[in-house]
Amino acid sequence: MAIAKAVKEALGSSSMIRKMFEEGSRLKRQHGADRVFDFSIGNPDLEPPPAFHRVFNELAREDSPGSHGYMPNAGYPDVRAALAEKVSREQGAALDASLIVMSVGAAGGLNAVFKAILNPGDEVVVSRPYFMEYRSYVSNHGGRLVEADSLPGFGLDPVAIEAAMTERTAAVLINSPHNPTGRVYPARTIAALADALRRQGGKTGRFPYLVADEPYRELVYAAETPPVLSAYEESIVVSSYSKSLSLPGERIGYIAVSPAVRDRDEVMEALIYATRILGFVNAPALMQRIVARLTEERVAVEVYARRRDVFRRILDEAGIAYAEPEGAFYLFCRVPGSSGDDRAFVDLLKKHLILGVPGSSFRAPGWVRFAYCVDERIIAASSAAFKAAMKEWS
């Protein structure tokens with residue numbers, strides 16, 4: 001029996017990030033882990049904060065009756081209340097527990113959102129470059145991803161996004177701090193985008209949702225990440241603890257909805273229903289109870305800032321230009337020279353045991369992404385390999 005045509009086509013262009021990660025595993029077995037400079041995947045190497053281990057052990061020993069059973073599909077009421085307080089502070093909006101749905105990571109949350117809001121043929125606008133699995137998350141539910149250009153330096157361009165919207169636009173999807181560039185969109189840009197969405201709604205009678213994917217919200221180096229829920233009425237934030245608490249394998253996140261959203265009760269019912277029928281059923285029970293106790297905790301962002309600075313010095317010395325990261329843990333680098341062939345450059349780097357991801361995987365040919373969520377010693381040791389690679393490339 002043949003597999004589904006859509007899946008077969010997707011497999012043909014499956015995630016280059018995962019392919020490079022698997023290549024890194026092979027090279028480490030061949031050459032030794034300390035000789036391979038694997039900057040391919042955003043898999044945090046920092047351990048969760050000490051408070052995580054303390055709370056984990058406490059809850060694991062409790063053995064309360066029913067602690068491993070079903071709960072409401074949206075999550076434990078007390079967990080949703082704790083998250084509502086946290087999100088209210090971050091977003092400058094008054095949320096209560098009824099506006100939170102616990103999710104199976106941000107990916108599960110985004111899929112639940114798109115299941116809840118998309119009709120077949122609906123469009124979701126996103127700014128290039130972007131995390132390529134967004135395309136699958138949208139198409140999973142009958143939608144179509146529409147691309148808009150970003151500004152020079154990868155700033156969000158509300159004018160380009162407004163030009164890309166049509167009467168079929170159901171949502172605009174943004175990601176700040178941004179993967180792969182590390183950009184943090186300023187409040188004035190979010191406000192300009194909100195105005196564009198209001199104009200679109202006034203023109204068509206359909207106010208698109210603003211969906212913000214925010215797993216890197218707390219990983220910023222200077223100013224805070226501006227709020228979205230208080231900036232636009234029809235907004236939805238999806239986040240996770242994969243980065244802020246270094247828990248990517250635990251698949252725990254949440255969906256938060258603006259208190260001003262139209263048809264609030266219906267929207268929340270749809271999100272809860274989507275969580276159930278997509279097969280998630282509910283977010284992991286133990287992790288829900290843990291993160292509710294850790295709303296003030298996060299990993300040591302200063303470690304990522306230090307690594308960023310070490311990596312920047314290495315790239316500067318090698319003659320590789322990059323976009324200045326303001327958050328997350330990525331350096332998005334321009335391919336040196338006139339060819340701009342990011343795949344050829346990545347192949348050359350691999351000969352020197354350096355692994356990155358070609359920018360064409362993010363719809364930004366001519367660039368390469370390096371993730372610096374790796375040991376600082378690996379970053380520092382890569383200097384000679386980068387210089388040798390650049391000598392061969394030039």
# chains A, B, ... in the order shown; residues from 1 in each chain; ligands from 1
$ residues_around --residues "Asn111 in chain A" --least-positions-apart "6" --cutoff "9 Å" --atoms "only C-alpha atoms" --output "MDAnalysis selection string"
chainID A and resid 137:138 140:141 274:275 278
$ residues_around --residues "range 345-360 of chain A" --least-positions-apart "3" --cutoff "7 Å" --atoms "only C-alpha atoms" --output "PDB file with C-alpha atoms, in the first residue's frame"
ATOM      1  CA  MET A  16      17.136  19.891   7.017  1.00  0.00           C
ATOM      2  CA  ILE A  17      17.607  20.646  10.718  1.00  0.00           C
ATOM      3  CA  MET A  20      22.015  17.822   9.952  1.00  0.00           C
ATOM      4  CA  GLY A  24      26.230  15.291  13.501  1.00  0.00           C
ATOM      5  CA  VAL A  36      32.731  17.888  15.878  1.00  0.00           C
ATOM      6  CA  PHE A  37      31.293  21.413  16.067  1.00  0.00           C
ATOM      7  CA  ASP A  38      27.585  20.692  15.879  1.00  0.00           C
ATOM      8  CA  PHE A  39      25.555  23.909  15.720  1.00  0.00           C
ATOM      9  CA  SER A  40      22.680  22.349  13.804  1.00  0.00           C
ATOM     10  CA  VAL A 335      27.294  33.152   3.084  1.00  0.00           C
ATOM     11  CA  ASP A 341      25.234  29.197  -2.245  1.00  0.00           C
ATOM     12  CA  ASP A 342      24.233  28.253   1.284  1.00  0.00           C
ATOM     13  CA  ARG A 363      13.242  30.340   2.985  1.00  0.00           C
ATOM     14  CA  ALA A 364      16.312  32.591   3.206  1.00  0.00           C
ATOM     15  CA  PRO A 365      18.873  31.350   0.653  1.00  0.00           C
ATOM     16  CA  GLY A 366      22.332  32.797   1.019  1.00  0.00           C
ATOM     17  CA  TRP A 367      22.365  32.441   4.808  1.00  0.00           C
ATOM     18  CA  VAL A 368      23.324  29.752   7.337  1.00  0.00           C
ATOM     19  CA  ARG A 369      22.007  29.237  10.862  1.00  0.00           C
ATOM     20  CA  PHE A 370      24.218  28.217  13.761  1.00  0.00           C
ATOM     21  CA  ALA A 385      38.007  25.075  11.821  1.00  0.00           C
ATOM     22  CA  ALA A 389      36.977  26.542   6.046  1.00  0.00           C
TER      23      ALA A 389
END
$ atom_distance --atom1 "CA of Val125 in chain A" --atom2 "CA of Pro158 in chain A"
11.0 Å
$ select_by_dssp --residues "range 167-362 of chain A" --states "strand (DSSP E or B)" --output "number ranges by chain"
A: 169-175, 209-213, 220, 235-240, 253-257, 322, 327, 330-334, 354-355, 357-358
$ residues_around --residues "Ile190 in chain A" --least-positions-apart "6" --cutoff "12 Å" --atoms "only C-alpha atoms" --output "list in words"
Gly155, Leu156, Asp157, Pro158, Val159, Ile161, Val172, Leu173, Ile174, Asn175, Ser176, Val184, Ala196, Leu197, Leu210, Val211, Ala212, Thr225, Pro226, Pro227, Val228, Leu229, Ser230, Ala231, Tyr232 and Ser235 of chain A
$ closest_residue --among "A:Ala82, A:Met71, A:Ala300, A:Val261" --to "Pro48 in chain A" --atoms "only C-alpha atoms"
A:Ala300
$ residues_around --residues "Ile290 in chain A" --least-positions-apart "3" --cutoff "9 Å" --atoms "only C-alpha atoms" --output "mmCIF file with C-alpha atoms, in the first residue's frame"
data_model
loop_
_atom_site.group_PDB
_atom_site.id
_atom_site.type_symbol
_atom_site.label_atom_id
_atom_site.label_comp_id
_atom_site.auth_asym_id
_atom_site.auth_seq_id
_atom_site.Cartn_x
_atom_site.Cartn_y
_atom_site.Cartn_z
ATOM 1 C CA PHE A 52 12.814 21.989 38.658
ATOM 2 C CA VAL A 55 9.735 20.164 42.575
ATOM 3 C CA PHE A 56 9.966 17.099 40.306
ATOM 4 C CA LEU A 59 5.685 15.603 43.223
ATOM 5 C CA VAL A 79 -2.352 25.041 36.740
ATOM 6 C CA ALA A 285 -0.049 15.631 33.915
ATOM 7 C CA LEU A 286 3.159 15.676 35.948
ATOM 8 C CA MET A 287 4.734 18.438 33.853
ATOM 9 C CA ARG A 293 5.221 25.828 40.613
ATOM 10 C CA LEU A 294 7.991 27.349 38.491
#
$ select_by_dssp --residues "range 252-383 of chain A" --states "helix (DSSP H, G or I)" --output "NGL selection string"
:A and (264-277 or 285-292 or 301-318 or 342-351 or 359-362 or 376-381 or 383)
$ atom_distance --atom1 "CA of Phe311 in chain A" --atom2 "CA of Ala380 in chain A"
7.3 Å
$ atom_distance --atom1 "CA of Arg306 in chain A" --atom2 "CA of Pro152 in chain A"
26.1 Å
$ residues_around --residues "range 116-118 of chain A" --least-positions-apart "5" --cutoff "9 Å" --atoms "only C-alpha atoms" --output "list in words"
Asn111, Glu123, Val124, Val138, His141, Gly142, Gly143, Ala170, Ala171, Tyr209, Val267, Glu269, Ala270, Leu271, Ile272, Tyr273 and Ala274 of chain A
$ decode --residues "range 179-193 of chain A" --atoms "N, CA and C atoms" --output "PDB file, in the first residue's frame"
ATOM      1  N   ASN A 179      13.332  32.620  15.435  1.00  0.00           N
ATOM      2  CA  ASN A 179      14.127  31.530  14.892  1.00  0.00           C
ATOM      3  C   ASN A 179      13.958  31.588  13.370  1.00  0.00           C
ATOM      4  N   PRO A 180      15.023  31.879  12.591  1.00  0.00           N
ATOM      5  CA  PRO A 180      16.432  31.633  12.907  1.00  0.00           C
ATOM      6  C   PRO A 180      17.286  32.865  13.200  1.00  0.00           C
ATOM      7  N   THR A 181      16.739  34.078  13.241  1.00  0.00           N
ATOM      8  CA  THR A 181      17.588  35.269  13.234  1.00  0.00           C
ATOM      9  C   THR A 181      17.913  35.822  14.614  1.00  0.00           C
ATOM     10  N   GLY A 182      17.149  35.466  15.640  1.00  0.00           N
ATOM     11  CA  GLY A 182      17.348  36.051  16.960  1.00  0.00           C
ATOM     12  C   GLY A 182      16.778  37.438  17.113  1.00  0.00           C
ATOM     13  N   ARG A 183      16.038  37.937  16.117  1.00  0.00           N
ATOM     14  CA  ARG A 183      15.445  39.262  16.216  1.00  0.00           C
ATOM     15  C   ARG A 183      14.306  39.269  17.237  1.00  0.00           C
ATOM     16  N   VAL A 184      14.153  40.406  17.933  1.00  0.00           N
ATOM     17  CA  VAL A 184      13.023  40.650  18.828  1.00  0.00           C
ATOM     18  C   VAL A 184      12.244  41.817  18.240  1.00  0.00           C
ATOM     19  N   TYR A 185      10.981  41.605  17.896  1.00  0.00           N
ATOM     20  CA  TYR A 185      10.199  42.657  17.266  1.00  0.00           C
ATOM     21  C   TYR A 185       9.795  43.702  18.311  1.00  0.00           C
ATOM     22  N   PRO A 186      10.074  44.982  18.054  1.00  0.00           N
ATOM     23  CA  PRO A 186       9.751  46.018  19.036  1.00  0.00           C
ATOM     24  C   PRO A 186       8.258  46.280  19.136  1.00  0.00           C
ATOM     25  N   ALA A 187       7.861  46.933  20.225  1.00  0.00           N
ATOM     26  CA  ALA A 187       6.439  47.199  20.479  1.00  0.00           C
ATOM     27  C   ALA A 187       5.813  48.025  19.363  1.00  0.00           C
ATOM     28  N   ARG A 188       6.558  48.969  18.800  1.00  0.00           N
ATOM     29  CA  ARG A 188       5.986  49.811  17.740  1.00  0.00           C
ATOM     30  C   ARG A 188       5.649  48.984  16.501  1.00  0.00           C
ATOM     31  N   THR A 189       6.432  47.944  16.248  1.00  0.00           N
ATOM     32  CA  THR A 189       6.163  47.071  15.100  1.00  0.00           C
ATOM     33  C   THR A 189       4.915  46.228  15.350  1.00  0.00           C
ATOM     34  N   ILE A 190       4.780  45.705  16.575  1.00  0.00           N
ATOM     35  CA  ILE A 190       3.581  44.938  16.926  1.00  0.00           C
ATOM     36  C   ILE A 190       2.345  45.834  16.816  1.00  0.00           C
ATOM     37  N   ALA A 191       2.462  47.091  17.264  1.00  0.00           N
ATOM     38  CA  ALA A 191       1.341  48.032  17.177  1.00  0.00           C
ATOM     39  C   ALA A 191       0.976  48.319  15.728  1.00  0.00           C
ATOM     40  N   ALA A 192       1.986  48.493  14.860  1.00  0.00           N
ATOM     41  CA  ALA A 192       1.718  48.738  13.441  1.00  0.00           C
ATOM     42  C   ALA A 192       1.063  47.526  12.789  1.00  0.00           C
ATOM     43  N   LEU A 193       1.486  46.343  13.175  1.00  0.00           N
ATOM     44  CA  LEU A 193       0.866  45.129  12.644  1.00  0.00           C
ATOM     45  C   LEU A 193      -0.584  45.018  13.112  1.00  0.00           C
TER      46      LEU A 193
END
